[in-house]
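final_3.txt, holding compact mmCIF, C-alpha atoms:
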```txt
# COMPACT_ATOMS: atom_id res chain seq x y z
CA MET C 3 62.67 59.70 124.02
CA THR C 4 61.22 62.30 126.37
CA LEU C 5 63.10 63.73 129.36
CA THR C 6 61.32 65.80 131.97
CA TRP C 7 63.12 68.91 133.24
CA SER C 8 62.13 70.85 136.36
CA MET C 9 62.96 74.55 136.62
CA TRP C 10 61.84 77.61 138.54
CA ALA C 11 60.28 80.47 136.57
CA SER C 12 58.79 83.80 137.57
CA GLY C 13 56.59 84.60 134.59
CA THR C 14 55.85 84.15 130.90
CA GLU C 15 59.11 85.71 129.70
CA ASP C 16 61.10 83.48 132.04
CA ARG C 17 59.27 80.33 130.97
CA ASP C 18 59.63 81.23 127.27
CA ALA C 19 63.39 81.59 127.72
CA TRP C 20 63.61 78.12 129.25
CA GLN C 21 61.32 76.64 126.60
CA ASN C 22 63.82 77.81 124.00
CA VAL C 23 66.59 76.05 125.93
CA ALA C 24 64.58 72.82 125.87
CA ALA C 25 64.04 73.22 122.13
CA ALA C 26 67.79 73.59 121.60
CA VAL C 27 68.30 70.05 122.90
CA THR C 28 65.93 68.56 120.33
CA LYS C 29 67.53 70.64 117.57
CA LYS C 30 70.89 69.09 118.44
CA TYR C 31 69.52 65.60 119.21
CA PRO C 32 66.25 65.01 117.32
CA ASN C 33 65.60 61.79 119.26
CA ILE C 34 65.52 63.66 122.60
CA LYS C 35 62.57 65.81 123.59
CA VAL C 36 62.72 67.80 126.82
CA THR C 37 59.45 68.54 128.58
CA LEU C 38 59.71 71.60 130.81
CA GLU C 39 58.00 71.76 134.21
CA THR C 40 58.16 75.05 136.13
CA SER C 41 57.18 76.32 139.56
CA PRO C 42 57.90 79.51 141.52
CA PHE C 43 61.35 79.63 143.11
CA GLU C 44 59.96 79.71 146.67
CA ASP C 45 58.14 76.38 146.07
CA TYR C 46 60.64 74.69 143.80
CA PHE C 47 63.04 73.13 146.30
CA THR C 48 60.34 71.87 148.65
CA LYS C 49 58.69 70.02 145.78
CA LEU C 50 62.02 68.81 144.45
CA GLY C 51 63.06 67.38 147.81
CA THR C 52 59.84 65.37 148.03
CA ARG C 53 60.24 64.01 144.52
CA LEU C 54 63.91 63.14 144.93
CA ALA C 55 63.17 61.30 148.17
CA GLY C 56 60.31 59.40 146.54
CA GLY C 57 62.27 58.39 143.45
CA SER C 58 59.89 60.33 141.18
CA ALA C 59 62.10 63.28 140.30
CA PRO C 60 62.43 64.50 136.73
CA CYS C 61 65.52 63.38 134.83
CA VAL C 62 66.97 66.88 134.52
CA VAL C 63 67.10 68.78 137.80
CA SER C 64 67.83 72.49 138.14
CA MET C 65 70.00 73.32 141.14
CA GLN C 66 71.19 76.47 142.90
CA SER C 67 74.66 76.65 144.44
CA LEU C 68 73.31 77.59 147.90
CA ARG C 69 71.16 74.48 148.04
CA THR C 70 73.28 71.83 146.32
CA GLY C 71 74.48 70.11 149.50
CA GLY C 72 70.96 69.38 150.68
CA TYR C 73 69.90 67.44 147.59
CA VAL C 74 72.91 65.37 146.53
CA SER C 75 71.51 62.14 147.96
CA GLY C 76 68.93 62.13 145.16
CA MET C 77 71.25 63.33 142.40
CA ARG C 78 73.77 61.54 140.22
CA PRO C 79 77.42 62.63 140.37
CA LEU C 80 78.44 63.82 136.91
CA ASP C 81 82.19 63.21 137.05
CA ASP C 82 82.13 59.88 135.19
CA LEU C 83 79.78 61.26 132.52
CA ILE C 84 81.97 64.33 132.07
CA LYS C 85 84.98 62.06 131.54
CA LYS C 86 83.10 59.58 129.37
CA ASN C 87 81.87 62.34 127.04
CA GLY C 88 85.15 64.24 127.01
CA LEU C 89 83.44 67.46 128.10
CA ASP C 90 85.92 70.29 128.56
CA THR C 91 84.79 72.23 131.63
CA GLY C 92 87.60 74.78 131.45
CA ASP C 93 85.33 77.50 130.04
CA PHE C 94 83.06 77.40 133.09
CA ASP C 95 83.79 79.83 135.91
CA SER C 96 85.59 77.81 138.57
CA SER C 97 83.73 79.38 141.51
CA ILE C 98 80.31 78.25 140.32
CA MET C 99 81.62 74.80 139.37
CA ALA C 100 82.72 74.54 143.00
CA GLY C 101 79.35 75.86 144.17
CA LEU C 102 77.55 73.05 142.33
CA ALA C 103 79.85 70.38 143.74
CA SER C 104 79.73 68.62 147.10
CA GLY C 105 82.08 66.19 148.77
CA GLY C 106 84.50 66.46 145.88
CA LYS C 107 81.89 65.41 143.30
CA GLN C 108 80.24 67.52 140.59
CA TYR C 109 76.45 67.40 140.73
CA ALA C 110 75.46 70.00 138.13
CA LEU C 111 76.87 71.89 135.16
CA PRO C 112 76.40 75.65 135.61
CA TYR C 113 74.40 77.95 133.38
CA ASP C 114 74.85 81.20 135.30
CA LEU C 115 76.56 82.98 138.13
CA GLY C 116 76.28 86.47 139.47
CA SER C 117 77.37 88.90 142.12
CA LEU C 118 74.72 90.71 144.12
CA VAL C 119 74.27 94.39 143.26
CA ILE C 120 71.77 97.20 143.87
CA THR C 121 69.06 97.79 141.26
CA TYR C 122 67.64 101.31 141.40
CA ASN C 123 64.84 103.36 139.88
CA LYS C 124 66.54 106.12 137.89
CA ASP C 125 63.29 108.08 137.55
CA MET C 126 62.83 108.27 141.33
CA PHE C 127 66.43 109.38 141.84
CA GLU C 128 66.05 112.14 139.25
CA ALA C 129 62.69 113.30 140.60
CA ALA C 130 64.15 113.56 144.11
CA GLY C 131 67.29 115.31 142.89
CA VAL C 132 69.48 112.54 144.34
CA PRO C 133 72.74 111.79 142.48
CA ALA C 134 72.87 108.34 140.91
CA PRO C 135 75.01 105.88 142.88
CA LYS C 136 78.56 105.44 141.68
CA VAL C 137 80.79 102.38 141.85
CA GLY C 138 82.30 102.29 145.31
CA TRP C 139 79.62 104.41 147.00
CA SER C 140 79.48 104.05 150.77
CA MET C 141 76.94 102.95 153.35
CA ALA C 142 76.64 106.61 154.37
CA ASP C 143 75.85 107.49 150.73
CA PHE C 144 73.26 104.72 150.63
CA GLU C 145 71.53 105.78 153.85
CA SER C 146 71.50 109.44 152.78
CA ALA C 147 69.98 108.55 149.40
CA ALA C 148 67.38 106.23 150.98
CA LYS C 149 66.30 108.99 153.37
CA LYS C 150 65.95 111.61 150.62
CA LEU C 151 64.06 109.19 148.39
CA THR C 152 61.53 108.39 151.13
CA THR C 153 58.82 110.91 150.41
CA GLY C 154 55.25 111.13 149.17
CA GLY C 155 54.36 107.62 150.29
CA LYS C 156 57.34 106.15 148.45
CA TYR C 157 60.44 104.61 149.99
CA GLY C 158 64.15 104.70 149.30
CA PHE C 159 64.71 100.97 149.72
CA VAL C 160 62.86 97.72 150.33
CA ALA C 161 64.17 95.41 153.06
CA TYR C 162 63.18 91.77 153.49
CA PRO C 163 64.94 88.70 154.98
CA THR C 164 65.85 87.14 151.62
CA ASP C 165 69.10 85.24 152.10
CA LEU C 166 71.47 86.33 149.33
CA ASN C 167 70.10 89.87 149.14
CA MET C 168 70.08 90.59 152.86
CA PHE C 169 73.35 88.85 153.73
CA SER C 170 75.20 90.72 150.96
CA MET C 171 74.26 94.00 152.65
CA ILE C 172 75.18 92.66 156.10
CA LEU C 173 78.50 91.32 154.81
CA SER C 174 79.45 94.76 153.55
CA ARG C 175 78.10 96.53 156.65
CA THR C 176 79.69 94.41 159.39
CA GLY C 177 81.68 91.64 157.69
CA ALA C 178 79.46 88.97 159.29
CA GLU C 179 78.70 85.72 157.47
CA PRO C 180 75.84 83.32 158.24
CA VAL C 181 77.98 80.19 157.90
CA ASP C 182 81.45 79.74 159.38
CA ALA C 183 84.52 78.30 157.66
CA SER C 184 83.66 74.77 158.84
CA GLY C 185 80.22 74.94 157.22
CA LYS C 186 78.22 75.41 160.43
CA LEU C 187 75.42 77.92 160.82
CA ASP C 188 76.67 80.97 162.72
CA LEU C 189 73.81 83.44 163.06
CA THR C 190 74.21 84.63 166.64
CA SER C 191 77.59 86.37 166.52
CA GLY C 192 77.75 90.02 167.56
CA PRO C 193 78.51 91.35 164.05
CA MET C 194 75.67 89.29 162.52
CA THR C 195 73.17 90.47 165.15
CA THR C 196 74.27 94.07 164.64
CA GLY C 197 74.04 93.76 160.87
CA PHE C 198 70.63 92.07 160.91
CA GLN C 199 69.25 94.69 163.32
CA TRP C 200 70.53 97.52 161.11
CA PHE C 201 68.97 95.94 158.00
CA ALA C 202 65.61 95.31 159.68
CA ASP C 203 65.61 98.81 161.17
CA LEU C 204 65.68 100.33 157.70
CA ALA C 205 61.97 99.49 157.81
CA ALA C 206 61.27 99.25 161.55
CA LYS C 207 62.96 102.45 162.79
CA ALA C 208 64.57 104.51 160.03
CA GLY C 209 61.39 104.24 157.96
CA VAL C 210 63.25 104.33 154.64
CA ALA C 211 61.74 100.95 153.68
CA PRO C 212 58.09 99.84 153.89
CA LYS C 213 56.86 97.69 156.75
CA VAL C 214 56.52 94.02 155.75
CA PRO C 215 52.91 92.73 155.85
CA GLY C 216 53.87 89.05 156.21
CA VAL C 217 55.91 86.21 154.75
CA ASP C 218 55.90 86.96 151.03
CA ASN C 219 59.08 86.29 149.07
CA ASP C 220 57.74 88.34 146.16
CA PHE C 221 57.29 91.42 148.37
CA PRO C 222 60.61 93.17 147.59
CA ASP C 223 60.39 92.58 143.84
CA THR C 224 56.77 93.76 143.78
CA GLN C 225 57.58 96.90 145.76
CA PHE C 226 60.45 97.73 143.41
CA LEU C 227 58.61 96.97 140.16
CA ASN C 228 55.55 98.92 141.31
CA GLY C 229 57.69 102.00 141.88
CA ASN C 230 57.02 102.00 145.61
CA ALA C 231 60.70 101.57 146.53
CA ALA C 232 63.67 103.13 144.75
CA MET C 233 66.26 100.43 145.50
CA TRP C 234 66.53 96.69 146.03
CA VAL C 235 69.31 94.13 146.00
CA ASN C 236 69.36 91.80 143.02
CA GLY C 237 71.56 89.77 140.70
CA PRO C 238 72.32 89.95 136.98
CA TRP C 239 69.83 87.12 136.37
CA ALA C 240 67.02 89.67 136.99
CA VAL C 241 67.73 91.83 133.93
CA LEU C 242 65.24 89.99 131.70
CA SER C 243 62.32 90.42 134.10
CA LEU C 244 63.29 94.02 134.89
CA LYS C 245 63.50 94.94 131.21
CA GLN C 246 60.12 93.34 130.56
CA GLN C 247 58.23 94.50 133.64
CA ALA C 248 59.69 97.76 134.95
CA LYS C 249 57.87 100.88 133.73
CA PHE C 250 60.86 103.05 134.56
CA ASP C 251 64.55 103.29 133.74
CA VAL C 252 66.59 100.84 135.82
CA GLY C 253 70.17 101.40 136.94
CA LEU C 254 72.69 99.11 138.59
CA ALA C 255 75.01 100.02 141.46
CA THR C 256 77.46 98.12 143.62
CA ILE C 257 76.50 97.06 147.14
CA PRO C 258 77.46 100.12 149.25
CA ALA C 259 80.90 99.80 150.80
CA GLY C 260 81.18 99.31 154.55
CA PRO C 261 84.08 100.18 156.86
CA ASP C 262 86.29 97.49 155.32
CA GLY C 263 85.52 98.41 151.72
CA PRO C 264 83.13 96.92 149.16
CA LYS C 265 81.94 93.37 149.70
CA THR C 266 79.24 91.20 148.18
CA TYR C 267 78.31 87.58 147.54
CA SER C 268 78.08 85.58 144.35
CA ALA C 269 75.95 82.55 143.57
CA GLY C 270 74.65 80.68 140.57
CA SER C 271 72.73 77.72 139.25
CA GLY C 272 72.96 74.79 136.91
CA PHE C 273 71.50 71.51 135.73
CA GLY C 274 72.03 68.00 137.08
CA ILE C 275 70.55 64.53 136.74
CA SER C 276 68.40 62.70 139.29
CA GLN C 277 69.38 59.28 140.60
CA SER C 278 66.01 57.93 139.46
CA CYS C 279 66.52 58.98 135.83
CA PRO C 280 66.59 55.82 133.67
CA TYR C 281 68.41 57.63 130.83
CA PRO C 282 71.52 59.25 132.33
CA ASP C 283 73.47 59.27 129.07
CA GLU C 284 70.71 61.08 127.21
CA ALA C 285 70.15 63.42 130.15
CA PHE C 286 73.84 64.31 130.11
CA LYS C 287 73.62 65.07 126.39
CA ALA C 288 70.69 67.35 127.19
CA ILE C 289 72.44 69.31 129.94
CA SER C 290 75.58 69.56 127.80
CA VAL C 291 73.49 71.40 125.19
CA MET C 292 71.67 73.42 127.86
CA THR C 293 75.01 74.70 129.17
CA SER C 294 76.71 75.07 125.78
CA ALA C 295 78.28 78.35 124.68
CA ASP C 296 75.51 78.90 122.11
CA VAL C 297 72.66 78.46 124.58
CA LEU C 298 74.32 80.41 127.40
CA GLY C 299 75.12 83.18 124.93
CA GLN C 300 71.43 83.37 124.03
CA LEU C 301 70.42 83.50 127.71
CA GLY C 302 72.99 86.22 128.24
CA THR C 303 71.65 88.25 125.33
CA LEU C 304 68.15 88.01 126.79
CA GLY C 305 69.39 89.14 130.20
CA ARG C 306 68.13 85.94 131.84
CA ALA C 307 71.56 84.73 132.88
CA TYR C 308 75.05 86.10 133.33
CA PRO C 309 76.68 83.12 131.58
CA ALA C 310 78.71 80.66 133.58
CA ARG C 311 80.91 80.23 130.50
CA LYS C 312 83.57 82.93 130.43
CA SER C 313 83.69 82.94 126.62
CA VAL C 314 80.16 84.33 126.23
CA GLN C 315 79.81 86.63 129.24
CA GLY C 316 80.10 89.59 126.88
CA LYS C 317 76.67 88.67 125.48
CA TRP C 318 75.06 89.69 128.77
CA TYR C 319 76.67 93.13 128.69
CA GLU C 320 75.43 93.77 125.15
CA ASN C 321 71.81 93.77 126.30
CA ALA C 322 72.11 94.93 129.92
CA PHE C 323 71.42 98.37 131.35
CA GLU C 324 73.64 101.36 130.65
CA GLY C 325 76.76 101.27 132.82
CA ALA C 326 76.21 97.65 133.79
CA LYS C 327 79.70 96.46 132.85
CA ASP C 328 81.52 98.77 135.27
CA VAL C 329 79.15 97.76 138.08
CA ILE C 330 79.29 94.01 137.46
CA ASP C 331 83.05 94.04 136.97
CA ALA C 332 83.47 95.89 140.29
CA ALA C 333 81.02 93.57 142.05
CA ASN C 334 82.78 90.48 140.72
CA ALA C 335 86.10 91.84 141.95
CA SER C 336 84.81 92.15 145.53
CA ALA C 337 82.51 89.10 145.58
CA LYS C 338 82.99 85.85 147.44
CA PRO C 339 80.96 82.68 146.81
CA PHE C 340 78.10 82.35 149.28
CA ARG C 341 78.86 79.57 151.74
CA ALA C 342 75.72 77.67 152.79
CA THR C 343 74.84 74.74 155.04
CA ALA C 344 73.68 71.41 153.61
CA ASN C 345 70.11 72.28 154.60
CA TRP C 346 70.09 75.88 153.48
CA ASP C 347 66.58 75.81 152.03
CA GLN C 348 65.15 75.20 155.52
CA VAL C 349 67.33 77.98 156.95
CA SER C 350 66.05 80.35 154.29
CA LYS C 351 62.43 79.57 155.13
CA LEU C 352 63.07 80.00 158.88
CA LEU C 353 64.65 83.40 158.25
CA ALA C 354 61.47 84.56 156.55
CA GLN C 355 59.19 82.95 159.13
CA TYR C 356 60.88 84.48 162.16
CA GLY C 357 62.52 87.47 160.53
CA VAL C 358 59.51 89.37 159.21
CA PRO C 359 58.42 90.69 162.67
CA ALA C 360 61.83 92.34 163.11
CA PHE C 361 61.15 94.47 160.03
CA ASN C 362 57.99 95.73 161.72
CA GLY C 363 59.64 96.46 165.07
CA GLN C 364 57.92 93.50 166.76
CA ALA C 365 61.04 91.40 167.40
CA THR C 366 64.74 91.98 167.94
CA ALA C 367 67.48 90.67 165.72
CA ALA C 368 68.94 88.74 168.65
CA ASP C 369 65.66 86.89 169.27
CA VAL C 370 65.08 86.15 165.58
CA LEU C 371 68.56 84.82 164.94
CA LYS C 372 68.53 82.74 168.11
CA GLN C 373 65.26 81.09 167.04
CA VAL C 374 66.56 80.31 163.56
CA GLN C 375 69.89 79.02 164.90
CA GLN C 376 68.09 76.69 167.34
CA GLN C 377 65.52 75.36 164.88
CA ALA C 378 67.67 74.99 161.79
CA PRO C 379 68.61 71.41 160.99
CA ALA C 380 72.21 70.51 161.82
```
Can you present the structure in this file as structure tokens?
Amino acid sequence: MTLTWSMWASGTEDRDAWQNVAAAVTKKYPNIKVTLETSPFEDYFTKLGTRLAGGSAPCVVSMQSLRTGGYVSGMRPLDDLIKKNGLDTGDFDSSIMAGLASGGKQYALPYDLGSLVITYNKDMFEAAGVPAPKVGWSMADFESAAKKLTTGGKYGFVAYPTDLNMFSMILSRTGAEPVDASGKLDLTSGPMTTGFQWFADLAAKAGVAPKVPGVDNDFPDTQFLNGNAAMWVNGPWAVLSLKQQAKFDVGLATIPAGPDGPKTYSAGSGFGISQSCPYPDEAFKAISVMTSADVLGQLGTLGRAYPARKSVQGKWYENAFEGAKDVIDAANASAKPFRATANWDQVSKLLAQYGVPAFNGQATAADVLKQVQQQAPA
């Protein structure tokens, strides 16, 4: 029996890691073969939505906590299968289990979670004589470092309207959140407008980040990996690609603390089953292996995932960057799960579409956020 599995991947190393996960299923269950399909993250959910709506989705569906609510109509609730198979979910972090649930039903088993942190280029810091960031550093420390690091055609930071990354900085800066407690989009509040304007002005006015040429979700990662920007916001899931691709020493730092102390967001991903899958029992066996302690420990060792299982989270630290444990522990202590709307993928795309001009000084935060608020689906 062959099950198709859809997943996002950013390169050869990423795809190889997931291919090994697929192989682990067949090793456990020789009668089940998992065929991996990958696409870039920025395209993945658009394609998935089309396939779920058309009843042609793969059996095993990868899902991110921010976007779960928008896709549940095409996914199978897992609660009965969890009970039927006697799966003990107690080892999974409770926050990411909740992030992959909707309406009181579990739609995916998690493989990772992570709190947003700063990744920085140690070589650039040393060359500029700027002290390395310490846990608990402030927004003033961050702005001072970014200014000193902006020299010789290089920049201290890279700013782009990527949801988790940008909103983690805004949360710490002003305390504003894009979604209110009732689950409604709330982009036009005073603190959010102030925070967005500050973030965009890092490029538009302060000049410590490069101007953004257009909508390109790879722009910040490319700028950082190419050594054109000394800092970017990222999650622990990026360690594998950074270790493979960065030609410099990488360090991790907490999101700089704002006036109310350190704050950041956490998010994660997992695997579910489509409604159109004709083999739900076999698909559940597959995702049970894919989220097992052995497999998540291997992903942690690679640096591809900070494991959603508490028992193997130490595996990630063993292969992460120097000082990573102190940073991640501090980030986790100040993190809150990112609250998203049911149609967050569309909101994310609108933020990029309308937000980019603000980073070039061609639009104000108030105008951008008003446009997104008005056009985002309810």
Show me, as a compact mmCIF listing (two decimals) with C-alpha atoms, keeping the file's coordinate frame, the residues that have an atom within 12 Å of Ser96 of chain C when counting all atoms listed in the file, minus same-chain residues fewer than 3 positions from it.
```
# COMPACT_ATOMS: atom_id res chain seq x y z
CA THR C 91 84.79 72.23 131.63
CA GLY C 92 87.60 74.78 131.45
CA ASP C 93 85.33 77.50 130.04
CA MET C 99 81.62 74.80 139.37
CA ALA C 100 82.72 74.54 143.00
CA GLY C 101 79.35 75.86 144.17
CA LEU C 102 77.55 73.05 142.33
CA ALA C 103 79.85 70.38 143.74
CA GLN C 108 80.24 67.52 140.59
CA LEU C 111 76.87 71.89 135.16
CA PRO C 112 76.40 75.65 135.61
CA ASP C 114 74.85 81.20 135.30
CA LEU C 115 76.56 82.98 138.13
CA ALA C 269 75.95 82.55 143.57
CA GLY C 270 74.65 80.68 140.57
CA ALA C 310 78.71 80.66 133.58
CA ARG C 311 80.91 80.23 130.50
CA LYS C 312 83.57 82.93 130.43
CA PRO C 339 80.96 82.68 146.81
```
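Between Val374 of chain C and the candidates C:Leu187, C:Ala11, C:Ala285, C:Leu118, the tightest atom-to-atom separation, counting all atoms listed in the file, involves C:Leu187.
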Just the residues within 7 Å of segment 313-324 of chain C, please, counting all atoms listed in the file, with nothing from its chain fewer than 4 positions along; format it as a ChimeraX atom specification.
-> /C:93,241,253,295,299,302-305,308-309
Excluding Phe159 of chain C and residues on its chain fewer than 5 positions from it, collect all residues at most 6 Å away from it, counting only C-alpha atoms, and give them as a PyMOL selection string.
-> chain C and resi 211+231-234
Suppose we keep C-alpha atoms; can you now write the selection as an mmCIF file, in the frame of the given file?
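Now in part.cif:
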```cif
data_model
loop_
_atom_site.group_PDB
_atom_site.id
_atom_site.type_symbol
_atom_site.label_atom_id
_atom_site.label_comp_id
_atom_site.auth_asym_id
_atom_site.auth_seq_id
_atom_site.Cartn_x
_atom_site.Cartn_y
_atom_site.Cartn_z
ATOM 1 C CA ALA C 211 61.740 100.950 153.680
ATOM 2 C CA ALA C 231 60.700 101.570 146.530
ATOM 3 C CA ALA C 232 63.670 103.130 144.750
ATOM 4 C CA MET C 233 66.260 100.430 145.500
ATOM 5 C CA TRP C 234 66.530 96.690 146.030
#
```
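Between atom CA of Met126 of chain C and atom CA of Gly229 of chain C lies a distance of 8.1 Å.
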Using only C-alpha atoms, find the one residue out of C:Asp125, C:Asp165, C:Asp262, C:Glu145 that sits nearest to Gln348 of chain C.
-> C:Asp165
With segment 52-70 of chain C as the partner and 12 Å as the cut-off, tabulate the residues of segment 271-366 of chain C that qualify, each row holding the nearest pair of atoms and their distance in Å to one decimal, using all atoms listed in the file, sorted by chain and rising number, as a Markdown table.
```
| residue | atom | partner | partner_atom | distance |
| --- | --- | --- | --- | --- |
| C:Ser271 | CA | C:Gln66 | CA | 4.2 |
| C:Gly272 | CA | C:Met65 | CA | 5.4 |
| C:Phe273 | CA | C:Ser64 | CA | 4.5 |
| C:Gly274 | CA | C:Val63 | CA | 5.0 |
| C:Ile275 | CA | C:Val62 | CA | 4.8 |
| C:Ser276 | CA | C:Cys61 | CA | 5.4 |
| C:Gln277 | CA | C:Gly57 | CA | 7.7 |
| C:Ser278 | CA | C:Gly57 | CA | 5.5 |
| C:Cys279 | CA | C:Cys61 | CA | 4.6 |
| C:Pro280 | CA | C:Cys61 | CA | 7.7 |
| C:Tyr281 | CA | C:Cys61 | CA | 7.6 |
| C:Pro282 | CA | C:Cys61 | CA | 7.7 |
| C:Asp283 | CA | C:Cys61 | CA | 10.6 |
| C:Glu284 | CA | C:Cys61 | CA | 9.5 |
| C:Ala285 | CA | C:Val62 | CA | 6.4 |
| C:Phe286 | CA | C:Val62 | CA | 8.6 |
| C:Lys287 | CA | C:Val62 | CA | 10.7 |
| C:Ala288 | CA | C:Val62 | CA | 8.2 |
| C:Ile289 | CA | C:Val62 | CA | 7.5 |
| C:Ser290 | CA | C:Val62 | CA | 11.2 |
| C:Met292 | CA | C:Val62 | CA | 10.5 |
| C:Thr293 | CA | C:Ser64 | CA | 11.7 |
| C:Pro339 | CA | C:Ser67 | CA | 9.0 |
| C:Phe340 | CA | C:Leu68 | CA | 6.9 |
| C:Arg341 | CA | C:Leu68 | CA | 7.0 |
| C:Ala342 | CA | C:Leu68 | CA | 5.5 |
| C:Thr343 | CA | C:Leu68 | CA | 7.8 |
| C:Ala344 | CA | C:Arg69 | CA | 6.8 |
| C:Asn345 | CA | C:Arg69 | CA | 7.0 |
| C:Trp346 | CA | C:Arg69 | CA | 5.7 |
| C:Asp347 | CA | C:Arg69 | CA | 6.2 |
| C:Gln348 | CA | C:Arg69 | CA | 9.6 |
| C:Val349 | CA | C:Arg69 | CA | 10.3 |
| C:Ser350 | CA | C:Arg69 | CA | 10.0 |
```
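Nearest residue to Leu353 of chain C among C:Pro163, C:Pro32, C:Pro135, C:Pro379 is C:Pro163, counting only C-alpha atoms.
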Quick one: of C:Ala183, C:Ala367, C:Ala333, C:Leu189, who's nearest to Phe201 of chain C, counting all atoms listed in the file?
-> C:Ala367
Distance of atom CA of Val252 of chain C from atom CA of Leu227 of chain C, expressed in Å to one decimal place |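 So the answer is 9.9 Å.
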Between atom CA of Gly192 of chain C and atom CA of Lys351 of chain C, what is the distance, to one decimal in Å?
-> 22.3 Å
C:Tyr122, C:Phe250, C:Phe94, C:Tyr46 ranked by distance to Val160 of chain C, top pick (using all atoms listed in the file) |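 Under the stated criterion, the closest residue is C:Tyr122.
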Between C:Ala24, C:Val181, C:Ala255, C:Leu80, which has the minimum distance to Ile120 of chain C (counting all atoms listed in the file)?
-> C:Ala255
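Using all atoms listed in the file, the set of residues no farther than 8 Å from the position (81.0, 86.4, 152.9) comprises Ser170, Leu173, Gly177, Ala178, Glu179, Lys265, Thr266, Tyr267, Ala337, Lys338, Pro339, Phe340 and Arg341 of chain C.
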Could you take the residues named above and write them with C-alpha atoms, as a short mmCIF file (atom, residue, chain, number, x, y, z; two decimals), in the frame of the given file?
```cif
data_model
loop_
_atom_site.label_atom_id
_atom_site.label_comp_id
_atom_site.auth_asym_id
_atom_site.auth_seq_id
_atom_site.Cartn_x
_atom_site.Cartn_y
_atom_site.Cartn_z
CA SER C 170 75.20 90.72 150.96
CA LEU C 173 78.50 91.32 154.81
CA GLY C 177 81.68 91.64 157.69
CA ALA C 178 79.46 88.97 159.29
CA GLU C 179 78.70 85.72 157.47
CA LYS C 265 81.94 93.37 149.70
CA THR C 266 79.24 91.20 148.18
CA TYR C 267 78.31 87.58 147.54
CA ALA C 337 82.51 89.10 145.58
CA LYS C 338 82.99 85.85 147.44
CA PRO C 339 80.96 82.68 146.81
CA PHE C 340 78.10 82.35 149.28
CA ARG C 341 78.86 79.57 151.74
#
```
Could you pull the residues within 8 Å of Val137 of chain C, counting all atoms listed in the file, minus those fewer than 6 positions along the same chain, as number ranges by chain?
-> C: 255-256, 328-329, 332
Any chance you could build segment 253-266 of chain C out to N, CA and C atoms and write it as a PDB file, keeping the file's coordinate frame?
```
ATOM      1  N   GLY C 253      68.715 101.301 136.860  1.00  0.00           N
ATOM      2  CA  GLY C 253      70.170 101.400 136.940  1.00  0.00           C
ATOM      3  C   GLY C 253      70.724 100.344 137.861  1.00  0.00           C
ATOM      4  N   LEU C 254      72.005 100.055 137.717  1.00  0.00           N
ATOM      5  CA  LEU C 254      72.690  99.110 138.590  1.00  0.00           C
ATOM      6  C   LEU C 254      73.776  99.845 139.372  1.00  0.00           C
ATOM      7  N   ALA C 255      73.962  99.451 140.612  1.00  0.00           N
ATOM      8  CA  ALA C 255      75.010 100.020 141.460  1.00  0.00           C
ATOM      9  C   ALA C 255      75.613  98.905 142.301  1.00  0.00           C
ATOM     10  N   THR C 256      76.825  99.102 142.737  1.00  0.00           N
ATOM     11  CA  THR C 256      77.460  98.120 143.620  1.00  0.00           C
ATOM     12  C   THR C 256      76.796  98.165 144.993  1.00  0.00           C
ATOM     13  N   ILE C 257      76.910  97.059 145.728  1.00  0.00           N
ATOM     14  CA  ILE C 257      76.500  97.060 147.140  1.00  0.00           C
ATOM     15  C   ILE C 257      77.323  98.152 147.836  1.00  0.00           C
ATOM     16  N   PRO C 258      76.693  99.038 148.616  1.00  0.00           N
ATOM     17  CA  PRO C 258      77.460 100.120 149.250  1.00  0.00           C
ATOM     18  C   PRO C 258      78.583  99.580 150.132  1.00  0.00           C
ATOM     19  N   ALA C 259      79.719 100.248 150.077  1.00  0.00           N
ATOM     20  CA  ALA C 259      80.900  99.800 150.800  1.00  0.00           C
ATOM     21  C   ALA C 259      80.794 100.109 152.280  1.00  0.00           C
ATOM     22  N   GLY C 260      81.154  99.134 153.106  1.00  0.00           N
ATOM     23  CA  GLY C 260      81.180  99.310 154.550  1.00  0.00           C
ATOM     24  C   GLY C 260      82.543  99.779 155.011  1.00  0.00           C
ATOM     25  N   PRO C 261      82.812  99.678 156.303  1.00  0.00           N
ATOM     26  CA  PRO C 261      84.080 100.180 156.860  1.00  0.00           C
ATOM     27  C   PRO C 261      85.317  99.463 156.334  1.00  0.00           C
ATOM     28  N   ASP C 262      85.158  98.238 155.854  1.00  0.00           N
ATOM     29  CA  ASP C 262      86.290  97.490 155.320  1.00  0.00           C
ATOM     30  C   ASP C 262      86.285  97.422 153.799  1.00  0.00           C
ATOM     31  N   GLY C 263      85.563  98.358 153.180  1.00  0.00           N
ATOM     32  CA  GLY C 263      85.520  98.410 151.720  1.00  0.00           C
ATOM     33  C   GLY C 263      84.359  97.629 151.137  1.00  0.00           C
ATOM     34  N   PRO C 264      84.255  97.596 149.813  1.00  0.00           N
ATOM     35  CA  PRO C 264      83.130  96.920 149.160  1.00  0.00           C
ATOM     36  C   PRO C 264      83.190  95.406 149.307  1.00  0.00           C
ATOM     37  N   LYS C 265      82.044  94.825 149.593  1.00  0.00           N
ATOM     38  CA  LYS C 265      81.940  93.370 149.700  1.00  0.00           C
ATOM     39  C   LYS C 265      80.575  92.946 149.161  1.00  0.00           C
ATOM     40  N   THR C 266      80.520  91.772 148.594  1.00  0.00           N
ATOM     41  CA  THR C 266      79.240  91.200 148.180  1.00  0.00           C
ATOM     42  C   THR C 266      79.416  89.694 148.023  1.00  0.00           C
TER      43      THR C 266
END
```
